[in-house]
Amino acid sequence: MTEMQFSLILPAFNEAKRLPKTLASARSYLSETFSAYEILVVDDGSEDDTVAVARDILAHDSNSRVIPLGTNQGKGAAVRAGALEAKGQYVLFSDSDLSTPIADEARLRAAIDAGADLAIGSRRHPESEITLAQNVVRQSMGRIFNLFVRMAGLSGFEDTQCGFKMFTHASAERIFRELKTDGFAFDVEILLLARNAGLSLAEIPVQWENDPESRVHMIRDSLRMLWELVLIRLNHLRH
């Protein structure tokens, strides 16, 4: 049997319209880059045809599959479910809109090959290429959230929330087995768990294009993320 080289995890909530383009792009790139890969679409309780669309597209990929959560649990829960089923030597999760093109996985993979246990895409890296930026309000809220992240005790990262992160199989298993956060702040807990475990981490420049149809609600989800930061602080930070 060929060893599984690469796992791509795509958390999806009501993504029936965007998935065909995303999966076509991912399959084209991965099939040319790896001899053995898998795509795991984790459906987070979608109310549209996300599951049917994804299953139809992936029907001819013997290693790829859809993981339905049944109910909406949150992006963190969806990524965790995919990561714990992933078999690849490299495990990448990406936003379903591919705001960062899948080919940028090579940048993160190079960092892991150089010794990192996990590599995270950073939109604020000076070498990153932002082709379409978020509006001023979202950018400001992102900076405020990063301030709260530092106040919670996790410093040293310019961009915790970029939805493009890669792990070795061992680091993915270790981190996601312990991950508790189900919502959007799960990225912060990932970095905290990695740091507390003594894992090496690289912050890598990426290309990024904002999707105006973002699923993140500026007010509701921002408040939830701040509450999740409080829980992360209480549960994990060492004093």
# chains A, B, ... in the order shown; residues from 1 in each chain; ligands from 1
>>> residues_around(residues="A:Arg55", least_positions_apart="2", cutoff="12 Å", atoms="only C-alpha atoms", output="CSV table (one decimal) with all heavy atoms, in the first residue's frame")
chain,number,residue,atom,x,y,z
A,16,ALA,N,-22.4,24.6,-0.3
A,16,ALA,CA,-22.8,23.8,-1.5
A,16,ALA,C,-22.4,24.6,-2.8
A,16,ALA,O,-22.1,24.0,-3.8
A,16,ALA,CB,-24.3,23.5,-1.5
A,19,LEU,N,-18.2,24.9,-2.9
A,19,LEU,CA,-17.4,23.6,-2.9
A,19,LEU,C,-17.0,23.1,-4.3
A,19,LEU,O,-15.8,22.6,-4.4
A,19,LEU,CB,-18.1,22.5,-2.1
A,19,LEU,CG,-17.9,22.5,-0.6
A,19,LEU,CD1,-18.7,21.3,0.0
A,19,LEU,CD2,-16.4,22.3,-0.3
A,20,PRO,N,-17.8,23.2,-5.3
A,20,PRO,CA,-17.4,22.6,-6.6
A,20,PRO,C,-16.1,23.3,-7.1
A,20,PRO,O,-15.2,22.6,-7.5
A,20,PRO,CB,-18.6,23.0,-7.5
A,20,PRO,CG,-19.8,22.9,-6.6
A,20,PRO,CD,-19.3,23.5,-5.3
A,23,LEU,N,-13.1,22.2,-4.6
A,23,LEU,CA,-12.7,20.8,-4.7
A,23,LEU,C,-12.1,20.6,-6.1
A,23,LEU,O,-11.1,19.8,-6.2
A,23,LEU,CB,-13.9,19.9,-4.5
A,23,LEU,CG,-14.4,19.8,-3.1
A,23,LEU,CD1,-15.7,19.0,-3.0
A,23,LEU,CD2,-13.3,19.3,-2.1
A,39,ILE,N,-8.9,14.1,0.7
A,39,ILE,CA,-9.6,15.3,1.1
A,39,ILE,C,-10.7,14.9,2.0
A,39,ILE,O,-11.5,14.1,1.7
A,39,ILE,CB,-10.2,16.0,-0.2
A,39,ILE,CG1,-9.0,16.4,-1.2
A,39,ILE,CG2,-11.0,17.2,0.2
A,39,ILE,CD1,-9.5,16.9,-2.5
A,40,LEU,N,-10.8,15.6,3.1
A,40,LEU,CA,-11.8,15.3,4.1
A,40,LEU,C,-12.7,16.6,4.3
A,40,LEU,O,-12.2,17.6,4.8
A,40,LEU,CB,-11.2,15.0,5.5
A,40,LEU,CG,-10.1,13.8,5.5
A,40,LEU,CD1,-9.6,13.7,6.9
A,40,LEU,CD2,-10.7,12.6,5.0
A,41,VAL,N,-13.9,16.5,3.7
A,41,VAL,CA,-14.8,17.6,3.9
A,41,VAL,C,-15.6,17.3,5.1
A,41,VAL,O,-16.4,16.3,5.2
A,41,VAL,CB,-15.8,17.7,2.6
A,41,VAL,CG1,-16.8,18.8,2.9
A,41,VAL,CG2,-14.9,18.0,1.4
A,42,VAL,N,-15.5,18.2,6.1
A,42,VAL,CA,-16.3,17.9,7.4
A,42,VAL,C,-17.4,18.9,7.4
A,42,VAL,O,-17.3,20.1,7.5
A,42,VAL,CB,-15.4,18.2,8.6
A,42,VAL,CG1,-16.1,17.8,9.9
A,42,VAL,CG2,-14.1,17.4,8.5
A,43,ASP,N,-18.6,18.3,7.2
A,43,ASP,CA,-19.8,19.1,7.2
A,43,ASP,C,-20.3,19.4,8.6
A,43,ASP,O,-20.6,18.5,9.4
A,43,ASP,CB,-21.0,18.4,6.4
A,43,ASP,CG,-22.2,19.2,6.4
A,43,ASP,OD1,-22.2,20.3,5.7
A,43,ASP,OD2,-23.2,18.8,7.1
A,49,ASP,N,-27.2,21.7,0.5
A,49,ASP,CA,-26.8,20.4,-0.1
A,49,ASP,C,-25.3,20.2,0.0
A,49,ASP,O,-24.8,19.5,-0.8
A,49,ASP,CB,-27.3,20.4,-1.5
A,49,ASP,CG,-28.8,20.4,-1.7
A,49,ASP,OD1,-29.5,19.8,-0.8
A,49,ASP,OD2,-29.3,20.9,-2.7
A,50,THR,N,-24.7,20.7,1.0
A,50,THR,CA,-23.2,20.6,1.1
A,50,THR,C,-22.8,19.1,1.1
A,50,THR,O,-21.9,18.7,0.3
A,50,THR,CB,-22.7,21.3,2.4
A,50,THR,OG1,-22.9,22.7,2.3
A,50,THR,CG2,-21.2,20.9,2.6
A,51,VAL,N,-23.4,18.3,1.9
A,51,VAL,CA,-23.0,16.9,1.9
A,51,VAL,C,-23.2,16.2,0.6
A,51,VAL,O,-22.3,15.5,0.1
A,51,VAL,CB,-23.8,16.1,3.0
A,51,VAL,CG1,-23.6,14.6,3.0
A,51,VAL,CG2,-23.5,16.7,4.4
A,52,ALA,N,-24.3,16.4,0.0
A,52,ALA,CA,-24.6,15.7,-1.3
A,52,ALA,C,-23.6,16.2,-2.4
A,52,ALA,O,-23.1,15.4,-3.2
A,52,ALA,CB,-26.1,16.0,-1.8
A,53,VAL,N,-23.4,17.5,-2.4
A,53,VAL,CA,-22.5,18.1,-3.4
A,53,VAL,C,-21.1,17.5,-3.2
A,53,VAL,O,-20.4,17.1,-4.2
A,53,VAL,CB,-22.5,19.6,-3.4
A,53,VAL,CG1,-21.3,20.2,-4.2
A,53,VAL,CG2,-23.8,20.2,-3.8
A,57,ILE,N,-18.9,15.0,-5.8
A,57,ILE,CA,-17.6,15.4,-6.4
A,57,ILE,C,-16.5,14.4,-6.0
A,57,ILE,O,-15.6,14.1,-6.8
A,57,ILE,CB,-17.2,16.8,-6.0
A,57,ILE,CG1,-18.3,17.8,-6.6
A,57,ILE,CG2,-15.8,17.2,-6.5
A,57,ILE,CD1,-18.1,19.2,-6.0
A,58,LEU,N,-16.5,13.9,-4.8
A,58,LEU,CA,-15.4,13.1,-4.3
A,58,LEU,C,-15.7,11.6,-4.5
A,58,LEU,O,-14.9,10.8,-4.1
A,58,LEU,CB,-15.2,13.3,-2.8
A,58,LEU,CG,-14.8,14.7,-2.4
A,58,LEU,CD1,-14.7,14.8,-0.8
A,58,LEU,CD2,-13.5,15.1,-3.0
A,59,ALA,N,-16.8,11.3,-5.3
A,59,ALA,CA,-17.1,9.9,-5.4
A,59,ALA,C,-16.0,9.0,-6.1
A,59,ALA,O,-15.9,7.8,-5.8
A,59,ALA,CB,-18.4,9.8,-6.3
A,60,HIS,N,-15.2,9.7,-6.9
A,60,HIS,CA,-14.2,8.9,-7.7
A,60,HIS,C,-12.8,9.0,-7.0
A,60,HIS,O,-11.9,8.5,-7.5
A,60,HIS,CB,-14.1,9.4,-9.1
A,60,HIS,CG,-15.4,9.2,-9.9
A,60,HIS,ND1,-16.0,8.0,-10.1
A,60,HIS,CD2,-16.3,10.2,-10.3
A,60,HIS,CE1,-17.1,8.2,-10.8
A,60,HIS,NE2,-17.3,9.5,-10.9
A,61,ASP,N,-12.7,9.7,-5.9
A,61,ASP,CA,-11.5,9.7,-5.1
A,61,ASP,C,-11.6,8.7,-4.0
A,61,ASP,O,-12.3,8.9,-3.0
A,61,ASP,CB,-11.3,11.1,-4.5
A,61,ASP,CG,-10.8,12.1,-5.5
A,61,ASP,OD1,-10.7,11.8,-6.7
A,61,ASP,OD2,-10.4,13.3,-5.1
A,62,SER,N,-11.0,7.6,-4.2
A,62,SER,CA,-11.2,6.5,-3.2
A,62,SER,C,-10.8,6.8,-1.8
A,62,SER,O,-11.3,6.2,-0.9
A,62,SER,CB,-10.4,5.2,-3.7
A,62,SER,OG,-9.0,5.5,-3.8
A,64,SER,N,-10.8,9.9,-0.5
A,64,SER,CA,-11.5,11.2,0.1
A,64,SER,C,-12.9,10.8,0.5
A,64,SER,O,-13.5,9.9,0.0
A,64,SER,CB,-11.5,12.2,-1.0
A,64,SER,OG,-10.2,12.6,-1.4
A,65,ARG,N,-13.4,11.7,1.4
A,65,ARG,CA,-14.7,11.4,2.0
A,65,ARG,C,-15.3,12.6,2.7
A,65,ARG,O,-14.6,13.6,3.0
A,65,ARG,CB,-14.6,10.2,3.0
A,65,ARG,CG,-13.6,10.4,4.1
A,65,ARG,CD,-13.2,9.1,4.8
A,65,ARG,NE,-12.3,9.2,5.9
A,65,ARG,CZ,-11.0,9.4,5.7
A,65,ARG,NH1,-10.4,9.4,4.5
A,65,ARG,NH2,-10.2,9.5,6.7
A,66,VAL,N,-16.6,12.5,3.0
A,66,VAL,CA,-17.3,13.5,3.7
A,66,VAL,C,-17.5,13.0,5.1
A,66,VAL,O,-17.9,11.9,5.3
A,66,VAL,CB,-18.6,13.9,3.0
A,66,VAL,CG1,-19.4,14.9,3.8
A,66,VAL,CG2,-18.4,14.3,1.6
A,67,ILE,N,-17.3,13.9,6.1
A,67,ILE,CA,-17.5,13.5,7.5
A,67,ILE,C,-18.7,14.4,8.0
A,67,ILE,O,-18.4,15.6,8.2
A,67,ILE,CB,-16.3,13.7,8.4
A,67,ILE,CG1,-15.1,12.9,7.8
A,67,ILE,CG2,-16.6,13.4,9.8
A,67,ILE,CD1,-13.8,13.2,8.5
A,68,PRO,N,-19.9,14.0,8.1
A,68,PRO,CA,-21.0,14.8,8.6
A,68,PRO,C,-21.1,14.8,10.1
A,68,PRO,O,-21.1,13.8,10.7
A,68,PRO,CB,-22.2,14.1,7.9
A,68,PRO,CG,-21.8,12.7,7.7
A,68,PRO,CD,-20.3,12.6,7.7
>>> residues_around(residues="A:Tyr90", least_positions_apart="4", cutoff="8 Å", atoms="only C-alpha atoms", output="VMD selection string")
chain A and resid 5 to 7 109 166 to 169
>>> write_last_selection(atoms="N, CA and C atoms", output="PDB file, in the first residue's frame")
ATOM      1  N   GLN A   5       0.330  10.468   1.883  1.00  0.00           N
ATOM      2  CA  GLN A   5       1.265  11.579   1.999  1.00  0.00           C
ATOM      3  C   GLN A   5       0.616  12.839   2.554  1.00  0.00           C
ATOM      4  N   PHE A   6      -0.600  13.126   2.115  1.00  0.00           N
ATOM      5  CA  PHE A   6      -1.158  14.451   2.395  1.00  0.00           C
ATOM      6  C   PHE A   6      -2.645  14.370   2.695  1.00  0.00           C
ATOM      7  N   SER A   7      -3.048  15.064   3.753  1.00  0.00           N
ATOM      8  CA  SER A   7      -4.468  15.172   4.103  1.00  0.00           C
ATOM      9  C   SER A   7      -4.883  16.630   4.057  1.00  0.00           C
ATOM     10  N   ARG A 109       4.828  23.240   3.862  1.00  0.00           N
ATOM     11  CA  ARG A 109       5.471  21.917   3.860  1.00  0.00           C
ATOM     12  C   ARG A 109       6.989  22.047   3.917  1.00  0.00           C
ATOM     13  N   MET A 166      -0.700  23.836   8.797  1.00  0.00           N
ATOM     14  CA  MET A 166      -0.244  22.485   8.478  1.00  0.00           C
ATOM     15  C   MET A 166       0.488  21.873   9.670  1.00  0.00           C
ATOM     16  N   PHE A 167       0.322  20.561   9.814  1.00  0.00           N
ATOM     17  CA  PHE A 167       0.886  19.811  10.930  1.00  0.00           C
ATOM     18  C   PHE A 167       1.566  18.544  10.407  1.00  0.00           C
ATOM     19  N   THR A 168       2.547  18.057  11.143  1.00  0.00           N
ATOM     20  CA  THR A 168       2.958  16.682  10.934  1.00  0.00           C
ATOM     21  C   THR A 168       1.835  15.798  11.464  1.00  0.00           C
ATOM     22  N   HIS A 169       1.827  14.540  11.050  1.00  0.00           N
ATOM     23  CA  HIS A 169       0.765  13.650  11.537  1.00  0.00           C
ATOM     24  C   HIS A 169       0.819  13.545  13.056  1.00  0.00           C
TER      25      HIS A 169
END
>>> closest_residue(among="A:Asp95, A:Asp48, A:Asp182, A:Glu85", to="A:Gly163", atoms="only C-alpha atoms")
A:Asp95
>>> residues_around(residues="A:Asp104", least_positions_apart="4", cutoff="12 Å", atoms="only C-alpha atoms", output="list of chain:residue names")
A:Ala26, A:Tyr29, A:Leu30, A:Leu92, A:Ser94, A:Leu98, A:Ser99, A:Thr100, A:Leu108, A:Arg109, A:Ala110, A:Ala111, A:Ala119, A:Ile120, A:Gly121, A:Ser122, A:Ser128, A:Glu129, A:Phe164, A:Lys165, A:Met166, A:Ile204, A:Pro205, A:Val206, A:Gln207, A:Trp208
>>> write_last_selection(atoms="N, CA, C and O atoms", output="JSON list (two decimals), in the first residue's frame")
[["chain", "number", "residue", "atom", "x", "y", "z"],
["A", 26, "ALA", "N", -8.54, 21.90, -5.65],
["A", 26, "ALA", "CA", -7.77, 21.06, -4.74],
["A", 26, "ALA", "C", -7.39, 19.74, -5.37],
["A", 26, "ALA", "O", -6.24, 19.29, -5.29],
["A", 29, "TYR", "N", -4.64, 20.15, -8.12],
["A", 29, "TYR", "CA", -3.30, 20.39, -7.57],
["A", 29, "TYR", "C", -2.75, 19.16, -6.85],
["A", 29, "TYR", "O", -1.61, 18.75, -7.07],
["A", 30, "LEU", "N", -3.55, 18.58, -5.97],
["A", 30, "LEU", "CA", -3.07, 17.46, -5.16],
["A", 30, "LEU", "C", -2.73, 16.24, -6.00],
["A", 30, "LEU", "O", -1.76, 15.53, -5.72],
["A", 92, "LEU", "N", -3.14, 19.39, 6.53],
["A", 92, "LEU", "CA", -3.43, 20.80, 6.33],
["A", 92, "LEU", "C", -4.92, 21.05, 6.48],
["A", 92, "LEU", "O", -5.72, 20.31, 5.92],
["A", 94, "SER", "N", -7.75, 24.06, 5.68],
["A", 94, "SER", "CA", -7.91, 25.29, 4.91],
["A", 94, "SER", "C", -9.37, 25.72, 4.95],
["A", 94, "SER", "O", -10.27, 24.88, 5.06],
["A", 98, "LEU", "N", -10.86, 28.64, -0.01],
["A", 98, "LEU", "CA", -9.47, 28.71, -0.49],
["A", 98, "LEU", "C", -9.02, 30.16, -0.64],
["A", 98, "LEU", "O", -8.47, 30.56, -1.67],
["A", 99, "SER", "N", -9.25, 30.95, 0.40],
["A", 99, "SER", "CA", -8.75, 32.32, 0.40],
["A", 99, "SER", "C", -7.24, 32.34, 0.21],
["A", 99, "SER", "O", -6.69, 33.27, -0.39],
["A", 100, "THR", "N", -6.57, 31.34, 0.73],
["A", 100, "THR", "CA", -5.17, 31.08, 0.41],
["A", 100, "THR", "C", -5.15, 29.93, -0.60],
["A", 100, "THR", "O", -5.73, 28.88, -0.35],
["A", 108, "LEU", "N", 4.36, 25.94, 3.46],
["A", 108, "LEU", "CA", 4.25, 25.39, 4.82],
["A", 108, "LEU", "C", 4.96, 24.05, 4.91],
["A", 108, "LEU", "O", 5.63, 23.75, 5.91],
["A", 109, "ARG", "N", 4.83, 23.24, 3.86],
["A", 109, "ARG", "CA", 5.47, 21.92, 3.86],
["A", 109, "ARG", "C", 6.99, 22.05, 3.92],
["A", 109, "ARG", "O", 7.67, 21.24, 4.56],
["A", 110, "ALA", "N", 7.52, 23.07, 3.25],
["A", 110, "ALA", "CA", 8.97, 23.29, 3.29],
["A", 110, "ALA", "C", 9.43, 23.59, 4.71],
["A", 110, "ALA", "O", 10.51, 23.14, 5.14],
["A", 111, "ALA", "N", 8.62, 24.34, 5.45],
["A", 111, "ALA", "CA", 8.97, 24.66, 6.84],
["A", 111, "ALA", "C", 8.95, 23.40, 7.70],
["A", 111, "ALA", "O", 9.81, 23.21, 8.58],
["A", 119, "ALA", "N", 3.22, 24.52, 10.84],
["A", 119, "ALA", "CA", 3.48, 25.77, 10.13],
["A", 119, "ALA", "C", 2.16, 26.46, 9.90],
["A", 119, "ALA", "O", 1.19, 25.83, 9.45],
["A", 120, "ILE", "N", 2.10, 27.75, 10.20],
["A", 120, "ILE", "CA", 0.84, 28.49, 10.08],
["A", 120, "ILE", "C", 0.98, 29.60, 9.06],
["A", 120, "ILE", "O", 1.99, 30.32, 9.03],
["A", 121, "GLY", "N", -0.01, 29.74, 8.20],
["A", 121, "GLY", "CA", -0.03, 30.85, 7.28],
["A", 121, "GLY", "C", -0.29, 32.14, 8.03],
["A", 121, "GLY", "O", -1.06, 32.16, 9.00],
["A", 122, "SER", "N", 0.36, 33.22, 7.62],
["A", 122, "SER", "CA", 0.19, 34.50, 8.28],
["A", 122, "SER", "C", -0.08, 35.59, 7.25],
["A", 122, "SER", "O", 0.75, 35.84, 6.38],
["A", 128, "SER", "N", 3.87, 38.40, 2.84],
["A", 128, "SER", "CA", 2.58, 37.89, 2.36],
["A", 128, "SER", "C", 2.02, 38.81, 1.27],
["A", 128, "SER", "O", 2.29, 40.01, 1.25],
["A", 129, "GLU", "N", 1.23, 38.21, 0.38],
["A", 129, "GLU", "CA", 0.62, 38.95, -0.73],
["A", 129, "GLU", "C", -0.89, 38.96, -0.54],
["A", 129, "GLU", "O", -1.55, 37.92, -0.68],
["A", 164, "PHE", "N", -5.22, 28.56, 7.44],
["A", 164, "PHE", "CA", -4.33, 27.78, 6.59],
["A", 164, "PHE", "C", -3.17, 27.32, 7.47],
["A", 164, "PHE", "O", -2.17, 28.02, 7.62],
["A", 165, "LYS", "N", -3.31, 26.13, 8.06],
["A", 165, "LYS", "CA", -2.32, 25.64, 9.01],
["A", 165, "LYS", "C", -1.99, 24.17, 8.70],
["A", 165, "LYS", "O", -2.88, 23.38, 8.40],
["A", 166, "MET", "N", -0.70, 23.84, 8.80],
["A", 166, "MET", "CA", -0.24, 22.49, 8.48],
["A", 166, "MET", "C", 0.49, 21.87, 9.67],
["A", 166, "MET", "O", 1.21, 22.57, 10.39],
["A", 204, "ILE", "N", 4.45, 31.50, 8.38],
["A", 204, "ILE", "CA", 4.87, 31.53, 6.98],
["A", 204, "ILE", "C", 4.03, 32.52, 6.17],
["A", 204, "ILE", "O", 2.81, 32.58, 6.31],
["A", 205, "PRO", "N", 4.67, 33.29, 5.27],
["A", 205, "PRO", "CA", 3.89, 34.19, 4.40],
["A", 205, "PRO", "C", 3.06, 33.41, 3.40],
["A", 205, "PRO", "O", 3.48, 32.34, 2.92],
["A", 206, "VAL", "N", 1.88, 33.94, 3.09],
["A", 206, "VAL", "CA", 0.99, 33.28, 2.12],
["A", 206, "VAL", "C", 0.34, 34.33, 1.24],
["A", 206, "VAL", "O", 0.36, 35.52, 1.53],
["A", 207, "GLN", "N", -0.24, 33.86, 0.16],
["A", 207, "GLN", "CA", -1.16, 34.69, -0.61],
["A", 207, "GLN", "C", -2.54, 34.61, 0.06],
["A", 207, "GLN", "O", -2.89, 33.58, 0.62],
["A", 208, "TRP", "N", -3.28, 35.69, -0.03],
["A", 208, "TRP", "CA", -4.60, 35.66, 0.60],
["A", 208, "TRP", "C", -5.53, 36.65, -0.08],
["A", 208, "TRP", "O", -5.14, 37.78, -0.39]]
>>> atom_distance(atom1="atom CA of A:Glu3", atom2="atom CA of A:Ser31")
14.7 Å
